[in-house]
Every structure is written in structure tokens, then in C-alpha cells.
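Q: Supplied in C-alpha cells, the structure appears directly below.
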Amino acid sequence: MEQAVAECVSLLGAVTERDWEGVRAGRLEWDCRRTAVHIAEDLIAYAGQLAGREQDGYSPFELSMEEDTGNADVLRVIGTTGALLAAAIRTTPRDVRAFHPYPFRSANRDGFAAMGVVEVLLHTHDICEGLGLSYEPAPELCDFVLTRIFPHVQPGPTPWPTLLWATGRGEPAGRAPVTEWRWNNNLVIGTERLTLEGVTPAAAADLSTVGDGGFEWIEGGPVDGTRVGAGLVYKQYEDGIHRPEWGMYVLVRREDGRALGAMGFHGVPDETGRVEIGYDLVGGARGHGYATEALRTLSSWALKRDEVRTVVANVERGNLPSQNVLARAGFTQVAEDPGHLAYELREPGEG
């Protein structure tokens, strides 16, 4: 956040004597001055959401500039509001979420950081395009944004052109123009004792190696199955076929905020409405009903979607605990082979 704001203020600070109000900001309807004010408005709004722990809507305030405020003063306000958002991000616990309308009505501190950074990057670009300035932010800032709130966008050879294309500002070779776009904060689904937190490509990349994905795990976690699953999620992201709500969820215990396993889908539902689910738990979390609780909730969520008619699970023949979890969650065994048993859970009314 601080790096993005510092780059913006430094670059635009060299042209504050120019007429910003008389120049349109790139492809936007706004002029450069209005666009700069908008950056500050977004940063303070996001800081307010996190600091106030807003749950049901935007905090009811707005930013206004004093009369006769110059361009340099607007940049000062961008610096101030950026610092406030950075402070809110630093002091907000990892598990706290606040209201943001798209797409699932909430975002965590990583999401607000990414949204703040992308507002700064894109609108600095818009202003620079209007004023005829050259601008290319640090690649790590673009990668930070893409792997957190653009999980549905296939990464390109370089992150800045990819971000510009994903937001309707560029037309790289081989990619159709984007006319409508949205970012995508991760989905969170609650149960009585757990929070199922959607895994972003950034978290998946970390989990697939030796990292913790940004979660505090109980002793023994994450297990190998979680790391393998995270690697598959990141591979789908690289291939451009990742759809975040049909990816992996980390199971976080509400009482202490610690992760104890993972559950997720192997991909999007097929043309017949079938989607496959899998899961694992750290050894110390087994035997407490966590897997059953999460499986019931995530399967129910899936079956409420129009594109799903059947949730499928395959389990090794010798894995009796997992078979018991499926049975308790309402799944029925439908097939078997020498090594595996197949289970299904159908939407109500399906035979």
C-alpha cells in the first residue's frame, strides 16, 4: 500500500503545476483532478471499513477537499489516506472481514490492501495517460493484486499489461478486449464451529511449497494433501481455468482462529451438474466432527447453485474414517472398484 502510494505521489508531484481539471484521465469520463480525488476517497473509505469493522454497508461518511485546494494538496491527501489504510491493514486481525459489495459482500485485510493498491495503480495510470506521462508500477505490486483479487484472470508473461487488460485498459495480443470487469474477493462460508476460507492463488502458491498460506495452523499442519491440493489450485490459475468458488477452502476453527484442514472442489461442475469434492484434516483435529460439519455445509452450498445437481466424492477403500464422514454428511455409496469407493449427494428431488 505504502509503495503504491509513494510511487503515485512521487510521479504526479512533478506535474502539479499543470492543468489537471482540463484534461480527461485516459479512458475515464473524469478529468485528472477528479480522478486524483477519487483515489483519496477510495483509500479513506477502505480504511473506514476495516477500522470500523463495518458489516452491513459502507461507513456513512465522505471525503471533501477544501475550496482552492491545489493539485499538490490533493497528493498530500492521497499520502495521508494511504497511510491511514496501511495502518488499518496492519492493525486488523487476519480473520476480520468488513463489508464490500463484490462479489460476496466482504473482504479481509488482504482484500482491502489489494483493492487499495489497484485503485492507486489504475488511476495513476489513467492520470498519466491523460497528461502524457510514462508510468509502469513495480511488478510485485501488480502480482500482489492479481493473485489476490483477480483469481479468475490467467496470468500473462508480465503482470502490469495483464492487470491493464483485465481492467479494460489494454489489448495484448491473443486476448479479446475486456469491456466489463470486476475483482473477486475470496468467498467465506461459516458453520457452527468453523469458517471455510476460500484460498487465493497467492495463498495456494505459498501452501503448495513450505508456507502456511497466511493461516495459523494447529500442530502438524498443513498436511501433504492440503499442499497437493493447493498446487492444483495454482496450476488451474496458471492455466486460466480457476474459478475461485470452485477451488479450495481452509477450515479455520472459530474459537481460536487456527487452521485444521482443507476442503474443496476438484474443478467447476461438469455439463451434467456433477462436481467432485475432497478434504483432509490435520491429525490432531480428527475425531471431533469437523470434517462432517464442513462437508455438510460446503455440499449444501454447492447444491443450491443452479449448475450443480450432484456432489461426488471418491475415497480409498481402506479409509474407513473418511467413509464414515461421507455417510454422516448424507452421502450414499454408488460404485466401487478395487481401490476406491464412490459416493454421491444429490439435490433434493433427484433420484
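Labeling convention for the C-alpha cells: chains A, B, ... as they appear, residues from 1 per chain, ligands from 1 in order of appearance.
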Considering only C-alpha atoms, return as a PDB file with N, CA and C atoms, in the first residue's frame whatever protein or nucleic-acid residues lie within 7 Å of range 300-309 of chain A, sequence-local ones (same chain, fewer than 2 positions apart) excluded.
A:
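Printed below is selection06.pdb as written:
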```pdb
ATOM      1  N   PRO A 269     -18.303 -27.514 -11.909  1.00  0.00           N
ATOM      2  CA  PRO A 269     -19.259 -28.586 -12.230  1.00  0.00           C
ATOM      3  C   PRO A 269     -19.221 -28.917 -13.722  1.00  0.00           C
ATOM      4  N   GLY A 273     -23.881 -31.400 -14.285  1.00  0.00           N
ATOM      5  CA  GLY A 273     -24.138 -30.863 -12.950  1.00  0.00           C
ATOM      6  C   GLY A 273     -23.425 -31.599 -11.842  1.00  0.00           C
ATOM      7  N   ARG A 274     -22.397 -32.374 -12.173  1.00  0.00           N
ATOM      8  CA  ARG A 274     -21.631 -33.107 -11.172  1.00  0.00           C
ATOM      9  C   ARG A 274     -20.368 -32.331 -10.809  1.00  0.00           C
ATOM     10  N   VAL A 275     -20.070 -32.274  -9.519  1.00  0.00           N
ATOM     11  CA  VAL A 275     -18.848 -31.635  -9.050  1.00  0.00           C
ATOM     12  C   VAL A 275     -18.236 -32.520  -7.968  1.00  0.00           C
ATOM     13  N   ARG A 296     -20.970 -31.110   5.184  1.00  0.00           N
ATOM     14  CA  ARG A 296     -22.405 -30.822   5.077  1.00  0.00           C
ATOM     15  C   ARG A 296     -22.631 -29.405   4.549  1.00  0.00           C
ATOM     16  N   THR A 297     -21.889 -28.466   5.106  1.00  0.00           N
ATOM     17  CA  THR A 297     -22.095 -27.063   4.743  1.00  0.00           C
ATOM     18  C   THR A 297     -21.668 -26.780   3.317  1.00  0.00           C
ATOM     19  N   LEU A 298     -20.476 -27.257   2.933  1.00  0.00           N
ATOM     20  CA  LEU A 298     -19.980 -26.947   1.598  1.00  0.00           C
ATOM     21  C   LEU A 298     -20.788 -27.682   0.529  1.00  0.00           C
ATOM     22  N   ARG A 346     -27.099 -35.910  -3.781  1.00  0.00           N
ATOM     23  CA  ARG A 346     -27.883 -35.268  -4.835  1.00  0.00           C
ATOM     24  C   ARG A 346     -28.777 -34.178  -4.248  1.00  0.00           C
ATOM     25  N   GLU A 347     -29.146 -33.251  -5.123  1.00  0.00           N
ATOM     26  CA  GLU A 347     -30.067 -32.212  -4.700  1.00  0.00           C
ATOM     27  C   GLU A 347     -31.426 -32.834  -4.378  1.00  0.00           C
TER      28      GLU A 347
END
```
Q: Can you tell me which residues surround Leu84 in chain A at a distance of at most 8 Å, considering only C-alpha atoms, apart from same-chain residues fewer than 4 positions away, and format the answer as a PDB file with all heavy atoms, in the first residue's frame?
A:
```pdb
ATOM      1  N   LEU A  43      -9.282   5.282  -0.719  1.00  0.00           N
ATOM      2  CA  LEU A  43      -8.360   4.861   0.337  1.00  0.00           C
ATOM      3  C   LEU A  43      -8.949   5.120   1.715  1.00  0.00           C
ATOM      4  O   LEU A  43      -8.878   4.262   2.605  1.00  0.00           O
ATOM      5  CB  LEU A  43      -7.016   5.572   0.181  1.00  0.00           C
ATOM      6  CG  LEU A  43      -6.242   5.271  -1.111  1.00  0.00           C
ATOM      7  CD1 LEU A  43      -4.914   6.021  -1.126  1.00  0.00           C
ATOM      8  CD2 LEU A  43      -6.007   3.770  -1.293  1.00  0.00           C
ATOM      9  N   ILE A  44      -9.558   6.278   1.926  1.00  0.00           N
ATOM     10  CA  ILE A  44     -10.134   6.553   3.244  1.00  0.00           C
ATOM     11  C   ILE A  44     -11.382   5.712   3.476  1.00  0.00           C
ATOM     12  O   ILE A  44     -11.658   5.287   4.606  1.00  0.00           O
ATOM     13  CB  ILE A  44     -10.434   8.061   3.414  1.00  0.00           C
ATOM     14  CG1 ILE A  44     -10.739   8.376   4.875  1.00  0.00           C
ATOM     15  CG2 ILE A  44     -11.572   8.509   2.520  1.00  0.00           C
ATOM     16  CD1 ILE A  44      -9.616   8.103   5.841  1.00  0.00           C
ATOM     17  N   ALA A  47     -10.135   2.300   4.537  1.00  0.00           N
ATOM     18  CA  ALA A  47      -9.630   2.388   5.908  1.00  0.00           C
ATOM     19  C   ALA A  47     -10.789   2.416   6.896  1.00  0.00           C
ATOM     20  O   ALA A  47     -10.755   1.770   7.952  1.00  0.00           O
ATOM     21  CB  ALA A  47      -8.763   3.627   6.074  1.00  0.00           C
ATOM     22  N   THR A  80      -1.848  10.897   2.898  1.00  0.00           N
ATOM     23  CA  THR A  80      -2.431  10.730   4.229  1.00  0.00           C
ATOM     24  C   THR A  80      -3.421   9.576   4.271  1.00  0.00           C
ATOM     25  O   THR A  80      -3.377   8.721   5.171  1.00  0.00           O
ATOM     26  CB  THR A  80      -3.134  12.025   4.657  1.00  0.00           C
ATOM     27  OG1 THR A  80      -2.173  13.076   4.726  1.00  0.00           O
ATOM     28  CG2 THR A  80      -3.799  11.857   6.022  1.00  0.00           C
ATOM     29  N   ALA A  88      -4.600   0.728   9.088  1.00  0.00           N
ATOM     30  CA  ALA A  88      -5.756  -0.131   9.352  1.00  0.00           C
ATOM     31  C   ALA A  88      -5.460  -1.578   8.983  1.00  0.00           C
ATOM     32  O   ALA A  88      -5.853  -2.509   9.694  1.00  0.00           O
ATOM     33  CB  ALA A  88      -6.970   0.384   8.576  1.00  0.00           C
TER      34      ALA A  88
END
```
Q: For a quick check of understanding, using only C-alpha atoms, which of A:Leu85, A:Leu122, A:Glu29, A:Leu131 has the smallest distance to Glu17 in chain A?
A: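 Answer, going by the shortest atom-to-atom distance: A:Leu131.
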Q: Write out as a list in words which residues come within 10 Å of Val228 in chain A when counting only C-alpha atoms, dropping same-chain ones fewer than 6 positions away.
A: Ala204, Leu207, Ser208 and Thr209 of chain A
Q: Could you give me the residues within range 274-342 of chain A that DSSP places in strand (DSSP E or B), as a ChimeraX atom specification?
A: /A:274-281,310-316,332-336,340-342
Q: With only C-alpha atoms as the atoms that count, which of A:Val96, A:Ala291, A:Ala113, A:Leu260 lies nearest to Val325 in chain A?
A: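 Among the listed residues, A:Ala291 lies closest to Val325 in chain A.
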Q: Wanna dump the range 102-178 of chain A-range 182-193 of chain A contacts at 10 Å for me, each residue with its shortest atom pair and the distance in Å to one decimal, counting only C-alpha atoms, ordered by chain and number, as a Markdown table?
A:
```
| residue | atom | partner | partner_atom | distance |
| --- | --- | --- | --- | --- |
| A:Tyr102 | CA | A:Asn184 | CA | 6.8 |
| A:Pro103 | CA | A:Asn184 | CA | 6.0 |
| A:Phe104 | CA | A:Leu187 | CA | 6.1 |
| A:Arg105 | CA | A:Asn185 | CA | 8.7 |
| A:Ser106 | CA | A:Asn185 | CA | 7.5 |
| A:Ala107 | CA | A:Asn185 | CA | 5.9 |
| A:Asn108 | CA | A:Asn185 | CA | 8.3 |
| A:Asp110 | CA | A:Asn185 | CA | 9.1 |
| A:Gly111 | CA | A:Asn185 | CA | 6.1 |
| A:Phe112 | CA | A:Asn185 | CA | 9.0 |
| A:Ala114 | CA | A:Asn185 | CA | 9.4 |
| A:Met115 | CA | A:Trp183 | CA | 8.3 |
| A:Val118 | CA | A:Trp183 | CA | 9.7 |
| A:Val145 | CA | A:Trp183 | CA | 9.4 |
| A:Leu146 | CA | A:Trp183 | CA | 9.0 |
| A:Arg148 | CA | A:Asn185 | CA | 7.3 |
| A:Ile149 | CA | A:Asn184 | CA | 4.7 |
| A:Phe150 | CA | A:Trp183 | CA | 5.4 |
| A:Pro151 | CA | A:Asn184 | CA | 7.0 |
| A:His152 | CA | A:Asn184 | CA | 7.8 |
| A:Val153 | CA | A:Trp183 | CA | 9.5 |
| A:Ala166 | CA | A:Arg182 | CA | 8.7 |
| A:Thr167 | CA | A:Arg182 | CA | 7.8 |
```
Q: For Cys128 in chain A, which residue among A:Gln3, A:Ser322, A:Thr35, A:Gln236 is the nearest when counting only C-alpha atoms?
A: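 Among A:Gln3, A:Ser322, A:Thr35, A:Gln236, it is A:Thr35 that comes nearest to Cys128 in chain A.
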Q: Check the smallest atom-to-atom distance from each of A:Gly211, A:Gly231, A:Gly287, A:Gly240 to Gly156 in chain A using only C-alpha atoms, then report the winner.
A: A:Gly240
Q: To one decimal place in Å, what is the distance between CA of Thr292 in chain A and CA of Ala329 in chain A?
A: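 We find that CA of Thr292 in chain A and CA of Ala329 in chain A lie 5.6 Å from each other.
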Q: Give me the residues within 10 Å of Glu54 in chain A as a ChimeraX atom specification, counting only C-alpha atoms and dropping any in the same chain fewer than 6 places off.
A: /A:48,97-100,106
Q: With only C-alpha atoms as the basis for distance, which of A:Asp31, A:Gly283, A:Asn71, A:Ala262 is at the shortest distance from Val9 in chain A?
A: A:Asn71
Q: For a quick check of understanding, using only C-alpha atoms, which of A:Pro101, A:Glu255, A:His288, A:Thr81 has the smallest distance to Tyr58 in chain A?
A: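 Ranked by minimum distance to Tyr58 in chain A, first place goes to A:Pro101.
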Q: Which value, in Å to one decimal, gives the distance between CA of Asp270 in chain A and CA of Thr310 in chain A?
A: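 Separating CA of Asp270 in chain A from CA of Thr310 in chain A is a distance of 10.0 Å.
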Q: Do a neighbour search on Thr124 in chain A at 9 Å with only C-alpha atoms, toss out local chain neighbours closer than 4 positions, and write the hits as a CSV table (one decimal) with C-alpha atoms, in the first residue's frame.
A:
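Listing of result_32.csv after writing:
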```
chain,number,residue,atom,x,y,z
A,8,CYS,CA,1.9,7.8,-7.3
A,11,LEU,CA,5.4,10.8,-10.2
A,12,LEU,CA,2.5,13.1,-10.1
A,35,THR,CA,-9.6,11.0,-10.7
A,36,ALA,CA,-6.9,12.0,-8.2
A,39,ILE,CA,-8.0,7.8,-5.3
A,119,GLU,CA,-7.2,1.8,-7.2
A,120,VAL,CA,-3.8,3.6,-6.9
A,128,CYS,CA,-0.6,9.7,-16.6
A,129,GLU,CA,-2.3,8.7,-19.8
A,135,TYR,CA,4.1,5.0,-15.9
```
Q: Taking 4 positions as the minimum chain separation for residues in the same chain, which residues sit within 9 Å of Val5 in chain A when counting only C-alpha atoms? Answer as a list in words.
A: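 Here the qualifying residues turn out to be Met1, Val9, Ser10, Ile78, Gly79, Gly82, Ala83, Val117, Val120 and Leu121 of chain A.
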Q: Would you save the residues from that selection as a CSV table (one decimal), in the first residue's frame, using N, CA, C and O atoms?
A:
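Saved file result.csv follows:
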```csv
chain,number,residue,atom,x,y,z
A,1,MET,N,0.8,-1.2,0.0
A,1,MET,CA,0.0,0.0,0.0
A,1,MET,C,0.9,1.2,0.0
A,1,MET,O,0.7,2.2,-0.8
A,9,VAL,N,2.5,9.5,-5.7
A,9,VAL,CA,2.8,10.8,-5.2
A,9,VAL,C,4.1,11.4,-5.8
A,9,VAL,O,4.1,12.5,-6.2
A,10,SER,N,5.1,10.5,-5.9
A,10,SER,CA,6.4,11.0,-6.5
A,10,SER,C,6.2,11.3,-8.0
A,10,SER,O,6.7,12.4,-8.4
A,78,ILE,N,-3.8,12.1,-0.7
A,78,ILE,CA,-3.6,10.7,-1.1
A,78,ILE,C,-2.5,10.1,-0.2
A,78,ILE,O,-2.7,8.9,0.3
A,79,GLY,N,-1.5,10.8,0.1
A,79,GLY,CA,-0.5,10.3,1.0
A,79,GLY,C,-1.0,10.0,2.4
A,79,GLY,O,-0.7,8.9,3.0
A,82,GLY,N,-3.6,7.1,2.2
A,82,GLY,CA,-2.9,5.8,2.0
A,82,GLY,C,-2.2,5.4,3.3
A,82,GLY,O,-2.2,4.1,3.6
A,83,ALA,N,-1.7,6.3,4.1
A,83,ALA,CA,-1.1,5.9,5.4
A,83,ALA,C,-2.2,5.4,6.4
A,83,ALA,O,-1.9,4.4,7.1
A,117,VAL,N,-4.5,-0.9,-3.4
A,117,VAL,CA,-3.3,-0.9,-4.4
A,117,VAL,C,-3.8,-0.8,-5.8
A,117,VAL,O,-3.3,0.1,-6.6
A,120,VAL,N,-5.0,2.7,-6.7
A,120,VAL,CA,-3.8,3.6,-6.9
A,120,VAL,C,-3.2,3.4,-8.2
A,120,VAL,O,-2.9,4.3,-9.0
A,121,LEU,N,-2.9,2.1,-8.5
A,121,LEU,CA,-2.2,1.8,-9.7
A,121,LEU,C,-3.0,2.2,-11.0
A,121,LEU,O,-2.4,2.9,-11.9
```
